[in-house]
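See below for coords-v6.cif, which holds mmCIF, C-alpha atoms.
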data_work
#
loop_
_atom_site.label_atom_id
_atom_site.label_comp_id
_atom_site.auth_asym_id
_atom_site.auth_seq_id
_atom_site.Cartn_x
_atom_site.Cartn_y
_atom_site.Cartn_z
CA ALA Z 179 -137.93 -17.52 -116.87
CA ALA Z 180 -137.14 -14.28 -118.65
CA THR Z 181 -139.66 -13.11 -121.25
CA LEU Z 182 -138.39 -12.76 -124.80
CA ARG Z 183 -139.38 -9.40 -126.25
CA LEU Z 184 -139.81 -8.50 -129.90
CA THR Z 185 -136.64 -6.63 -130.72
CA ASN Z 186 -137.26 -7.36 -134.38
CA PRO Z 187 -141.05 -7.46 -134.80
CA LEU Z 188 -140.98 -8.56 -138.41
CA ALA Z 189 -139.00 -11.68 -137.56
CA PHE Z 190 -142.45 -13.22 -137.60
CA LEU Z 191 -142.83 -12.42 -141.28
CA SER Z 192 -141.40 -14.52 -144.06
CA HIS Z 193 -140.58 -11.33 -145.98
CA PRO Z 194 -139.43 -8.11 -144.29
CA PRO Z 195 -141.33 -5.14 -145.74
CA THR Z 196 -139.90 -3.00 -148.46
CA SER Z 197 -139.45 0.69 -147.78
CA SER Z 198 -142.40 1.44 -150.03
CA SER Z 199 -144.67 -0.93 -148.11
CA LEU Z 200 -144.00 1.05 -144.95
CA ARG Z 201 -145.96 3.90 -146.48
CA PHE Z 202 -149.58 4.17 -147.44
CA ARG Z 203 -151.30 6.33 -149.97
CA GLY Z 204 -151.09 9.83 -148.58
CA SER Z 205 -149.78 8.57 -145.21
CA LYS Z 206 -146.63 9.73 -143.54
CA SER Z 207 -143.57 7.54 -143.49
CA ILE Z 208 -143.02 5.81 -140.15
CA GLY Z 209 -139.46 7.08 -140.22
CA THR Z 210 -136.29 5.98 -141.97
CA GLU Z 211 -134.52 4.87 -138.81
CA THR Z 212 -137.51 2.87 -137.58
CA ALA Z 213 -138.14 1.37 -140.99
CA SER Z 214 -134.52 0.29 -141.23
CA SER Z 215 -134.72 -1.54 -137.93
CA PHE Z 216 -137.88 -3.33 -139.11
CA MET Z 217 -136.23 -4.40 -142.34
CA ALA Z 218 -133.26 -5.82 -140.44
CA ALA Z 219 -135.39 -8.68 -139.12
CA ASP Z 220 -134.08 -12.13 -139.95
CA PRO Z 221 -136.72 -14.46 -141.45
CA GLU Z 222 -134.72 -17.46 -140.23
CA THR Z 223 -135.63 -16.59 -136.64
CA THR Z 224 -139.25 -17.47 -137.33
CA SER Z 225 -140.28 -20.76 -135.75
CA SER Z 226 -140.95 -23.30 -138.47
CA SER Z 227 -143.75 -24.76 -136.33
CA SER Z 228 -145.59 -21.42 -136.12
CA ARG Z 229 -148.34 -21.19 -138.71
CA VAL Z 230 -149.97 -17.89 -139.62
CA ILE Z 231 -153.76 -18.07 -139.80
CA ASP Z 232 -155.98 -15.16 -140.80
CA SER Z 233 -158.99 -15.28 -138.46
CA HIS Z 234 -161.24 -13.03 -140.50
CA LEU Z 235 -161.72 -12.55 -144.22
CA HIS Z 236 -164.40 -12.79 -146.88
CA ILE Z 237 -164.67 -14.03 -150.44
CA TRP Z 238 -167.33 -13.61 -153.05
CA ALA Z 239 -167.88 -14.68 -156.63
CA SER Z 240 -165.97 -13.08 -159.46
CA PRO Z 241 -168.17 -11.62 -162.21
CA GLN Z 242 -167.49 -14.79 -164.20
CA GLU Z 243 -168.65 -16.96 -161.30
CA ALA Z 244 -171.75 -14.91 -160.53
CA ALA Z 245 -173.99 -17.00 -162.78
CA ALA Z 246 -173.27 -20.08 -160.68
CA TYR Z 247 -173.03 -18.17 -157.40
CA PRO Z 248 -175.35 -15.17 -157.70
CA TYR Z 249 -175.08 -12.11 -155.48
CA PHE Z 250 -177.93 -11.16 -153.19
CA PRO Z 251 -179.92 -8.37 -154.90
CA GLY Z 252 -178.57 -4.98 -153.92
CA GLN Z 253 -175.37 -6.47 -152.49
CA GLU Z 254 -173.29 -6.68 -155.66
CA PRO Z 255 -169.63 -6.16 -154.68
CA THR Z 256 -167.53 -3.30 -155.99
CA LEU Z 257 -164.20 -4.89 -155.00
CA THR Z 258 -162.38 -7.94 -156.33
CA GLY Z 259 -162.83 -10.68 -153.75
CA ASP Z 260 -162.68 -14.06 -155.48
CA VAL Z 261 -160.71 -16.98 -154.04
CA ASN Z 262 -157.96 -16.85 -156.67
CA PHE Z 263 -157.22 -13.24 -155.75
CA LEU Z 264 -157.20 -14.24 -152.09
CA LEU Z 265 -154.80 -17.13 -152.66
CA LYS Z 266 -152.42 -14.83 -154.51
CA ASN Z 267 -152.42 -12.37 -151.61
CA MET Z 268 -152.01 -15.11 -149.00
CA GLU Z 269 -149.04 -16.56 -150.85
CA GLU Z 270 -147.35 -13.18 -151.07
CA ALA Z 271 -147.92 -12.51 -147.36
CA ARG Z 272 -146.98 -16.07 -146.33
CA VAL Z 273 -150.30 -16.66 -144.60
CA ASP Z 274 -150.99 -20.37 -144.24
CA GLY Z 275 -154.74 -20.51 -143.74
CA ALA Z 276 -157.86 -18.54 -142.95
CA LEU Z 277 -161.35 -18.49 -141.50
CA ILE Z 278 -163.73 -17.42 -144.27
CA VAL Z 279 -166.70 -15.47 -142.95
CA GLN Z 280 -169.82 -15.70 -145.12
CA PRO Z 281 -170.21 -12.30 -146.84
CA ILE Z 282 -173.41 -10.28 -146.95
CA ASN Z 283 -172.95 -10.20 -150.74
CA HIS Z 284 -174.31 -13.75 -150.90
CA LYS Z 285 -176.34 -13.41 -147.69
CA PHE Z 286 -177.72 -16.85 -146.70
CA ASP Z 287 -176.63 -18.62 -149.90
CA HIS Z 288 -173.52 -20.40 -148.64
CA SER Z 289 -172.81 -22.37 -151.79
CA LEU Z 290 -169.70 -20.44 -152.84
CA VAL Z 291 -167.93 -20.58 -149.49
CA THR Z 292 -168.95 -24.21 -149.12
CA SER Z 293 -167.35 -25.06 -152.47
CA VAL Z 294 -164.10 -23.27 -151.58
CA VAL Z 295 -163.80 -24.88 -148.14
CA LYS Z 296 -164.44 -28.28 -149.75
CA LYS Z 297 -161.76 -27.65 -152.41
CA TYR Z 298 -159.13 -26.40 -149.91
CA PRO Z 299 -159.94 -28.19 -146.63
CA TRP Z 300 -156.39 -27.83 -145.30
CA LYS Z 301 -156.34 -24.07 -145.92
CA PHE Z 302 -159.83 -22.73 -145.18
CA VAL Z 303 -162.47 -23.08 -142.47
CA GLY Z 304 -165.97 -21.69 -142.95
CA CYS Z 305 -167.98 -19.36 -140.71
CA CYS Z 306 -171.64 -19.27 -141.74
CA LEU Z 307 -174.11 -16.40 -141.35
CA ALA Z 308 -176.97 -16.86 -138.89
CA ASN Z 309 -180.47 -16.41 -140.31
CA PRO Z 310 -182.65 -14.92 -137.54
CA ALA Z 311 -185.93 -15.40 -139.42
CA GLU Z 312 -188.92 -15.21 -137.07
CA ASP Z 313 -190.13 -18.67 -138.11
CA GLY Z 314 -187.01 -20.20 -136.55
CA SER Z 315 -185.89 -21.84 -139.79
CA GLY Z 316 -182.39 -20.49 -139.23
CA ILE Z 317 -181.88 -22.87 -136.32
CA LYS Z 318 -182.16 -25.89 -138.60
CA ASP Z 319 -180.15 -24.10 -141.28
CA LEU Z 320 -177.31 -23.64 -138.78
CA GLU Z 321 -177.39 -27.30 -137.83
CA ASN Z 322 -177.32 -28.38 -141.47
CA LEU Z 323 -174.43 -26.06 -142.35
CA VAL Z 324 -172.38 -27.43 -139.46
CA LEU Z 325 -173.21 -31.11 -139.77
CA GLU Z 326 -173.49 -31.40 -143.55
CA SER Z 327 -171.18 -28.68 -144.89
CA ASN Z 328 -168.58 -28.65 -142.08
CA TYR Z 329 -168.92 -25.00 -141.05
CA ARG Z 330 -167.07 -24.48 -137.80
CA ALA Z 331 -168.37 -21.06 -136.67
CA VAL Z 332 -171.40 -18.81 -137.11
CA ARG Z 333 -171.71 -15.04 -137.34
CA PHE Z 334 -174.45 -13.08 -135.57
CA ASN Z 335 -175.16 -9.85 -137.45
CA PRO Z 336 -177.60 -7.93 -135.20
CA TYR Z 337 -178.74 -5.79 -138.13
CA LEU Z 338 -180.29 -8.83 -139.81
CA TRP Z 339 -182.73 -9.37 -136.94
CA PRO Z 340 -186.32 -8.24 -137.63
CA PRO Z 341 -186.93 -4.55 -136.81
CA GLY Z 342 -187.30 -3.99 -133.10
CA GLN Z 343 -185.92 -7.45 -132.24
CA LYS Z 344 -182.71 -8.17 -130.38
CA MET Z 345 -180.26 -11.06 -130.55
CA THR Z 346 -181.66 -12.18 -127.20
CA ASN Z 347 -185.11 -12.93 -128.63
CA ALA Z 348 -186.35 -16.54 -128.68
CA VAL Z 349 -184.79 -17.31 -132.06
CA GLY Z 350 -181.49 -15.69 -131.14
CA LYS Z 351 -181.22 -17.62 -127.89
CA ALA Z 352 -182.15 -20.86 -129.63
CA MET Z 353 -179.44 -20.37 -132.27
CA PHE Z 354 -176.88 -19.32 -129.66
CA SER Z 355 -177.67 -22.39 -127.57
CA LYS Z 356 -177.56 -24.64 -130.65
CA ALA Z 357 -174.12 -23.24 -131.54
CA GLY Z 358 -172.89 -24.28 -128.10
CA GLU Z 359 -174.36 -27.76 -128.54
CA LEU Z 360 -172.65 -28.08 -131.92
CA GLY Z 361 -169.34 -26.74 -130.58
CA VAL Z 362 -169.17 -23.81 -132.98
CA PRO Z 363 -168.17 -20.31 -131.79
CA VAL Z 364 -170.48 -17.35 -132.36
CA GLY Z 365 -168.89 -14.22 -133.82
CA PHE Z 366 -170.61 -10.90 -133.13
CA MET Z 367 -170.48 -8.09 -135.67
CA CYS Z 368 -171.19 -4.86 -133.77
CA MET Z 369 -170.58 -2.52 -136.69
CA LYS Z 370 -172.53 0.40 -135.21
CA GLY Z 371 -170.83 0.16 -131.84
CA LEU Z 372 -170.28 -2.39 -129.08
CA HIS Z 373 -172.19 -0.22 -126.60
CA LEU Z 374 -175.39 -0.84 -128.59
CA HIS Z 375 -175.16 -4.61 -128.15
CA ILE Z 376 -173.14 -5.18 -124.99
CA ALA Z 377 -176.21 -6.02 -122.88
CA GLU Z 378 -177.31 -8.68 -125.37
CA ILE Z 379 -173.84 -10.24 -125.50
CA GLU Z 380 -173.55 -10.30 -121.71
CA GLU Z 381 -177.00 -11.86 -121.36
CA LEU Z 382 -176.21 -14.60 -123.88
CA CYS Z 383 -172.80 -15.33 -122.31
CA THR Z 384 -174.36 -15.55 -118.85
CA GLU Z 385 -177.24 -17.78 -119.89
CA PHE Z 386 -175.22 -20.04 -122.19
CA PRO Z 387 -171.66 -20.30 -120.80
CA LYS Z 388 -170.83 -23.30 -122.99
CA THR Z 389 -171.11 -21.27 -126.20
CA THR Z 390 -167.82 -19.76 -127.31
CA VAL Z 391 -167.94 -16.11 -128.37
CA ILE Z 392 -165.71 -14.15 -130.75
CA LEU Z 393 -165.83 -10.36 -130.99
CA ASP Z 394 -165.22 -9.45 -134.62
CA HIS Z 395 -162.89 -6.49 -135.11
CA ALA Z 396 -162.46 -6.01 -131.34
CA GLY Z 397 -166.12 -5.09 -131.12
CA PHE Z 398 -165.52 -2.24 -133.59
CA CYS Z 399 -163.93 -0.28 -130.75
CA LYS Z 400 -162.19 2.64 -132.45
CA VAL Z 401 -159.37 4.50 -130.75
CA PRO Z 402 -161.18 6.64 -128.14
CA GLU Z 403 -161.84 10.27 -129.00
CA ASN Z 404 -165.00 10.77 -126.97
CA GLY Z 405 -167.03 9.31 -124.13
CA ASP Z 406 -168.82 6.67 -126.21
CA ALA Z 407 -165.54 5.31 -127.58
CA LYS Z 408 -163.97 5.22 -124.12
CA LEU Z 409 -167.03 3.44 -122.74
CA ALA Z 410 -166.83 0.83 -125.51
CA TYR Z 411 -163.17 0.16 -124.65
CA THR Z 412 -164.10 -0.39 -121.01
CA GLN Z 413 -167.02 -2.64 -121.97
CA LEU Z 414 -164.78 -4.67 -124.26
CA MET Z 415 -162.20 -5.32 -121.56
CA LYS Z 416 -164.88 -6.22 -119.00
CA LEU Z 417 -166.06 -9.02 -121.30
CA SER Z 418 -162.82 -10.81 -120.42
CA ARG Z 419 -164.58 -11.97 -117.23
CA PHE Z 420 -166.42 -14.47 -119.43
CA PRO Z 421 -163.90 -17.24 -120.13
CA GLN Z 422 -165.66 -18.17 -123.38
CA VAL Z 423 -165.03 -14.76 -125.01
CA TYR Z 424 -162.26 -14.27 -127.58
CA VAL Z 425 -161.23 -11.11 -129.45
CA LYS Z 426 -160.30 -10.66 -133.09
CA PHE Z 427 -157.63 -7.98 -133.49
CA SER Z 428 -158.78 -7.59 -137.05
CA ALA Z 429 -159.71 -4.98 -139.66
CA LEU Z 430 -157.22 -2.60 -138.08
CA PHE Z 431 -158.08 0.11 -140.59
CA ARG Z 432 -161.61 0.17 -139.15
CA LEU Z 433 -160.33 0.73 -135.60
CA SER Z 434 -157.43 3.12 -136.14
CA ARG Z 435 -157.67 6.88 -136.52
CA THR Z 436 -154.34 7.00 -138.35
CA GLY Z 437 -152.98 5.34 -141.48
CA PHE Z 438 -150.79 2.27 -141.86
CA PRO Z 439 -149.19 0.85 -139.75
CA TYR Z 440 -151.97 1.84 -137.29
CA GLN Z 441 -149.67 2.35 -134.34
CA ASP Z 442 -152.38 4.14 -132.38
CA LEU Z 443 -153.82 0.65 -131.80
CA SER Z 444 -150.91 -0.34 -129.56
CA PRO Z 445 -152.86 0.42 -126.34
CA LEU Z 446 -155.82 -1.65 -127.56
CA LEU Z 447 -153.65 -4.68 -128.31
CA SER Z 448 -151.73 -4.30 -125.05
CA GLN Z 449 -154.93 -4.07 -122.99
CA ALA Z 450 -156.58 -6.94 -124.85
CA VAL Z 451 -153.62 -9.22 -124.14
CA SER Z 452 -153.48 -8.03 -120.53
CA HIS Z 453 -157.19 -8.68 -119.91
CA PHE Z 454 -157.92 -11.69 -122.11
CA GLY Z 455 -154.48 -13.25 -122.50
CA ALA Z 456 -152.79 -13.69 -125.87
CA ASN Z 457 -154.40 -17.12 -126.16
CA ARG Z 458 -157.80 -15.40 -126.54
CA VAL Z 459 -156.68 -12.79 -129.09
CA MET Z 460 -156.25 -13.45 -132.83
CA TRP Z 461 -155.21 -11.42 -135.85
CA GLY Z 462 -157.44 -11.00 -138.88
CA SER Z 463 -157.15 -8.97 -142.08
CA ASP Z 464 -160.73 -8.32 -143.25
CA PHE Z 465 -159.78 -9.16 -146.83
CA PRO Z 466 -160.68 -7.99 -149.45
CA PHE Z 467 -161.53 -4.59 -147.91
CA VAL Z 468 -158.02 -4.30 -146.48
CA VAL Z 469 -156.43 -4.51 -149.93
CA LEU Z 470 -157.47 -0.98 -150.86
CA GLU Z 471 -156.69 0.34 -147.39
CA CYS Z 472 -153.08 -0.72 -146.94
CA GLY Z 473 -152.62 -4.04 -148.74
CA TYR Z 474 -152.96 -7.61 -147.53
CA LYS Z 475 -149.29 -8.24 -146.82
CA GLU Z 476 -149.08 -4.90 -145.05
CA ALA Z 477 -151.98 -5.90 -142.80
CA ARG Z 478 -149.85 -8.74 -141.50
CA GLU Z 479 -146.83 -6.48 -141.15
CA ALA Z 480 -148.87 -3.94 -139.18
CA VAL Z 481 -149.73 -6.32 -136.35
CA ALA Z 482 -146.04 -7.11 -135.82
CA ILE Z 483 -145.19 -3.40 -135.71
CA ILE Z 484 -148.01 -2.71 -133.25
CA ALA Z 485 -146.98 -5.67 -131.10
CA GLU Z 486 -143.42 -4.39 -130.95
CA GLN Z 487 -144.66 -1.02 -129.76
CA ALA Z 488 -146.78 -2.79 -127.14
CA SER Z 489 -143.71 -4.80 -125.97
CA LEU Z 490 -145.44 -8.13 -126.50
CA SER Z 491 -143.43 -11.33 -126.24
CA SER Z 492 -142.64 -13.71 -129.08
CA SER Z 493 -144.94 -16.23 -127.41
CA ASP Z 494 -147.77 -13.69 -127.44
CA MET Z 495 -147.21 -13.15 -131.16
CA ASP Z 496 -147.32 -16.88 -131.86
CA TRP Z 497 -150.76 -16.99 -130.26
CA ILE Z 498 -152.08 -13.87 -131.97
CA LEU Z 499 -150.84 -14.82 -135.44
CA GLY Z 500 -152.13 -18.37 -135.43
CA LYS Z 501 -152.16 -20.48 -132.29
CA THR Z 502 -155.32 -18.91 -130.84
CA VAL Z 503 -157.50 -19.57 -133.86
CA MET Z 504 -155.93 -23.02 -134.33
CA GLN Z 505 -156.80 -23.78 -130.71
CA LEU Z 506 -160.42 -22.80 -131.38
CA PHE Z 507 -160.60 -25.06 -134.44
CA PRO Z 508 -158.28 -27.99 -133.68
CA GLY Z 509 -157.18 -30.11 -136.61
CA GLN Z 510 -158.63 -27.72 -139.18
CA TRP Z 511 -155.36 -26.47 -140.65
CA ASP Z 512 -153.41 -29.70 -140.91
CA LEU Z 513 -150.94 -29.84 -143.76
CA PRO Z 514 -152.23 -31.65 -146.86
#

Just give me the structure of the file as structure tokens.
Amino acid sequence: AATLRLTNPLAFLSHPPTSSSLRFRGSKSIGTETASSFMAADPETTSSSSRVIDSHLHIWASPQEAAAYPYFPGQEPTLTGDVNFLLKNMEEARVDGALIVQPINHKFDHSLVTSVVKKYPWKFVGCCLANPAEDGSGIKDLENLVLESNYRAVRFNPYLWPPGQKMTNAVGKAMFSKAGELGVPVGFMCMKGLHLHIAEIEELCTEFPKTTVILDHAGFCKVPENGDAKLAYTQLMKLSRFPQVYVKFSALFRLSRTGFPYQDLSPLLSQAVSHFGANRVMWGSDFPFVVLECGYKEAREAVAIIAEQASLSSSDMDWILGKTVMQLFPGQWDLP
């Protein structure tokens, strides 16, 4: 059968962008002719069965909530990131649900995210933060968060491991194995570069093939400018040989070397879909950080623009904007 291409990329958005939203502070316009073609998209062409799910965002307590949900000392946020602000942005962008990743601002105190997921079970799914304490207490903590508080994923932040330790130490392997037993994916945050952690990820994937893996922010692989960046791209694509590995095409502002709509990421998205398949790639915003970068609604618009440039199909976009993450967490975003 013939493949349907995205002639109108923003047909996947409930609201075509305004001309002002196609610009970013200090950024160049993407062009009047191009912008006009984007704004011509017909919202009625969007499949009513296609739900849009944000695979990566954070929330933290508002100043008024901080007494009940205190920040970890030294990690007080400077941005607004409370759930009410998130809900407002999601409504405007017509995003139906999200995976909330436990923020470093509350570190291992999951009480705030737990309360939000409990209040909005049809809208939010929780991803907890792994505690790699040397005494192994984090293994039981992970089990409790999954079984008692209904967390459905766990994040491995390698920079929380004790100095000199790797994610492949005894505690790391025990938590990674336990995640597989519990059926919860492990998300890796390689903020300082995928090349620094690729060996650990490959070792864990090889030793524990039943544990699903998610690479946050495409492994933080920025658009290549030098040898290290090119190597990271190659390493990222080679991880597709592990069938349990998925990629978040998220926090685009962290990966791009240009402003909104981050069209220099078209090769990354195209290669990710080519290597992994669209059913192992998912869009994420990285709220609330994205709000000051381009805006939440614009983050959703950007992925459609990039996908159009990459000549992705409408089926690919359905997977990237929601079906992939819904497949990973079946039944989690049912309508209330």

Counting all atoms listed in the file, the residue among Z:Leu414, Z:Phe465, Z:Asn457, Z:His395 that lies closest to Z:Ile498 is Z:Asn457

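Taking atom CA of Z:Asp274 as the reference point, atom CA of Z:Ile231 is found at 5.7 Å.
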
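For the pair atom CA of Z:Leu433 and atom CA of Z:Pro363, the interatomic distance is 22.8 Å.
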
As a list in words, please: the residues near stretch 324-329 of chain Z (cut-off 9 Å, all atoms listed in the file, same-chain neighbours under 4 positions excluded). Thr292, Val295, Lys296, Val303, Gly304, Cys305, Cys306, Asp319, Leu320, Leu360 and Val362 of chain Z

Selection under test: the PyMOL selection byres ((chain Z and resi 268) around 12); residues as a PyMOL selection string: chain Z and resi 192+230-232+235+261-267+269-276+301-302+463+465-466+469+473-478

Do you know which residues the PyMOL selection byres ((chain Z and resi 287) around 9) returns on this file, as an MDAnalysis selection string? chainID Z and resid 247:250 280 284:286 288:291

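What separates atom CA of Z:Met367 from atom CA of Z:Arg229 is a distance of 25.9 Å.
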
Mind checking which residues fall within 8 Å of stretch 442-452 of chain Z, counting only C-alpha atoms, ignoring those fewer than 5 positions away in the same chain, and posting them as JSON, numbers by chain? {"Z": [401, 415, 425, 427, 430, 433, 434, 435, 436, 458, 459, 484, 485, 487, 488, 490]}

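In terms of minimum interatomic distance to Z:Asp494, Z:Phe454 ranks closest within Z:Ala352, Z:Glu479, Z:His373, Z:Phe454, counting all atoms listed in the file.
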
Can you pull out the residues contacting Z:Met504? Cut-off 10 Å, using only C-alpha atoms, and skip same-chain residues under 3 positions away; I want them as a PDB file with C-alpha atoms, in the frame of the given file.
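Ended up saving to selection_22.pdb:
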ATOM      1  CA  ARG Z 229    -148.340 -21.190-138.710  1.00  0.00           C
ATOM      2  CA  VAL Z 230    -149.970 -17.890-139.620  1.00  0.00           C
ATOM      3  CA  ILE Z 231    -153.760 -18.070-139.800  1.00  0.00           C
ATOM      4  CA  SER Z 233    -158.990 -15.280-138.460  1.00  0.00           C
ATOM      5  CA  GLY Z 275    -154.740 -20.510-143.740  1.00  0.00           C
ATOM      6  CA  ALA Z 276    -157.860 -18.540-142.950  1.00  0.00           C
ATOM      7  CA  MET Z 460    -156.250 -13.450-132.830  1.00  0.00           C
ATOM      8  CA  TRP Z 497    -150.760 -16.990-130.260  1.00  0.00           C
ATOM      9  CA  LEU Z 499    -150.840 -14.820-135.440  1.00  0.00           C
ATOM     10  CA  GLY Z 500    -152.130 -18.370-135.430  1.00  0.00           C
ATOM     11  CA  LYS Z 501    -152.160 -20.480-132.290  1.00  0.00           C
ATOM     12  CA  PHE Z 507    -160.600 -25.060-134.440  1.00  0.00           C
ATOM     13  CA  PRO Z 508    -158.280 -27.990-133.680  1.00  0.00           C
ATOM     14  CA  GLY Z 509    -157.180 -30.110-136.610  1.00  0.00           C
ATOM     15  CA  GLN Z 510    -158.630 -27.720-139.180  1.00  0.00           C
ATOM     16  CA  TRP Z 511    -155.360 -26.470-140.650  1.00  0.00           C
ATOM     17  CA  ASP Z 512    -153.410 -29.700-140.910  1.00  0.00           C
TER      18      ASP Z 512
END

Calculated over all atoms listed in the file, which of the candidates Z:Gln422, Z:Thr256, Z:Asn309, Z:Asn322 has the smallest distance to Z:Phe334? Z:Asn309

Which residues come within 6 Å of Z:Ser240, counting only C-alpha atoms, excluding same-chain residues fewer than 2 positions away, as a PDB file with C-alpha atoms, in the frame of the given file?
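Saved the output as out-v2.pdb:
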ATOM      1  CA  GLN Z 242    -167.490 -14.790-164.200  1.00  0.00           C
ATOM      2  CA  GLU Z 243    -168.650 -16.960-161.300  1.00  0.00           C
ATOM      3  CA  ASP Z 260    -162.680 -14.060-155.480  1.00  0.00           C
TER       4      ASP Z 260
END

Since the input is missing atoms, can you rebuild all heavy atoms for stretch 468-474 of chain Z and write them as a PDB file, in the frame of the given file?
ATOM      1  N   VAL Z 468    -159.328  -4.802-146.906  1.00  0.00           N
ATOM      2  CA  VAL Z 468    -158.020  -4.300-146.480  1.00  0.00           C
ATOM      3  C   VAL Z 468    -157.088  -4.023-147.654  1.00  0.00           C
ATOM      4  O   VAL Z 468    -156.162  -3.224-147.544  1.00  0.00           O
ATOM      5  CB  VAL Z 468    -157.363  -5.284-145.489  1.00  0.00           C
ATOM      6  CG1 VAL Z 468    -156.866  -6.544-146.221  1.00  0.00           C
ATOM      7  CG2 VAL Z 468    -156.231  -4.636-144.723  1.00  0.00           C
ATOM      8  N   VAL Z 469    -157.330  -4.659-148.779  1.00  0.00           N
ATOM      9  CA  VAL Z 469    -156.430  -4.510-149.930  1.00  0.00           C
ATOM     10  C   VAL Z 469    -156.339  -3.062-150.380  1.00  0.00           C
ATOM     11  O   VAL Z 469    -155.247  -2.553-150.674  1.00  0.00           O
ATOM     12  CB  VAL Z 469    -156.867  -5.428-151.086  1.00  0.00           C
ATOM     13  CG1 VAL Z 469    -156.018  -5.177-152.324  1.00  0.00           C
ATOM     14  CG2 VAL Z 469    -156.789  -6.896-150.668  1.00  0.00           C
ATOM     15  N   LEU Z 470    -157.469  -2.382-150.438  1.00  0.00           N
ATOM     16  CA  LEU Z 470    -157.470  -0.980-150.860  1.00  0.00           C
ATOM     17  C   LEU Z 470    -157.066  -0.032-149.745  1.00  0.00           C
ATOM     18  O   LEU Z 470    -156.771   1.140-150.003  1.00  0.00           O
ATOM     19  CB  LEU Z 470    -158.856  -0.589-151.389  1.00  0.00           C
ATOM     20  CG  LEU Z 470    -159.292  -1.215-152.717  1.00  0.00           C
ATOM     21  CD1 LEU Z 470    -160.625  -0.639-153.170  1.00  0.00           C
ATOM     22  CD2 LEU Z 470    -158.232  -1.001-153.788  1.00  0.00           C
ATOM     23  N   GLU Z 471    -157.056  -0.520-148.514  1.00  0.00           N
ATOM     24  CA  GLU Z 471    -156.690   0.340-147.390  1.00  0.00           C
ATOM     25  C   GLU Z 471    -155.172   0.424-147.218  1.00  0.00           C
ATOM     26  O   GLU Z 471    -154.597   1.492-147.162  1.00  0.00           O
ATOM     27  CB  GLU Z 471    -157.336  -0.181-146.100  1.00  0.00           C
ATOM     28  CG  GLU Z 471    -158.850  -0.100-146.100  1.00  0.00           C
ATOM     29  CD  GLU Z 471    -159.369   1.327-146.073  1.00  0.00           C
ATOM     30  OE1 GLU Z 471    -158.658   2.208-145.555  1.00  0.00           O
ATOM     31  OE2 GLU Z 471    -160.493   1.551-146.558  1.00  0.00           O
ATOM     32  N   CYS Z 472    -154.534  -0.730-147.110  1.00  0.00           N
ATOM     33  CA  CYS Z 472    -153.080  -0.720-146.940  1.00  0.00           C
ATOM     34  C   CYS Z 472    -152.411  -1.853-147.715  1.00  0.00           C
ATOM     35  O   CYS Z 472    -151.213  -1.817-147.958  1.00  0.00           O
ATOM     36  CB  CYS Z 472    -152.702  -0.824-145.456  1.00  0.00           C
ATOM     37  SG  CYS Z 472    -153.125  -2.401-144.668  1.00  0.00           S
ATOM     38  N   GLY Z 473    -153.175  -2.863-148.095  1.00  0.00           N
ATOM     39  CA  GLY Z 473    -152.620  -4.040-148.740  1.00  0.00           C
ATOM     40  C   GLY Z 473    -152.688  -5.225-147.809  1.00  0.00           C
ATOM     41  O   GLY Z 473    -152.623  -5.077-146.580  1.00  0.00           O
ATOM     42  N   TYR Z 474    -152.824  -6.423-148.371  1.00  0.00           N
ATOM     43  CA  TYR Z 474    -152.960  -7.610-147.530  1.00  0.00           C
ATOM     44  C   TYR Z 474    -151.677  -7.931-146.778  1.00  0.00           C
ATOM     45  O   TYR Z 474    -151.690  -8.166-145.563  1.00  0.00           O
ATOM     46  CB  TYR Z 474    -153.376  -8.807-148.397  1.00  0.00           C
ATOM     47  CG  TYR Z 474    -153.681 -10.048-147.566  1.00  0.00           C
ATOM     48  CD1 TYR Z 474    -154.899 -10.178-146.919  1.00  0.00           C
ATOM     49  CD2 TYR Z 474    -152.748 -11.074-147.435  1.00  0.00           C
ATOM     50  CE1 TYR Z 474    -155.186 -11.295-146.149  1.00  0.00           C
ATOM     51  CE2 TYR Z 474    -153.027 -12.200-146.665  1.00  0.00           C
ATOM     52  CZ  TYR Z 474    -154.244 -12.302-146.025  1.00  0.00           C
ATOM     53  OH  TYR Z 474    -154.519 -13.400-145.254  1.00  0.00           O
TER      54      TYR Z 474
END
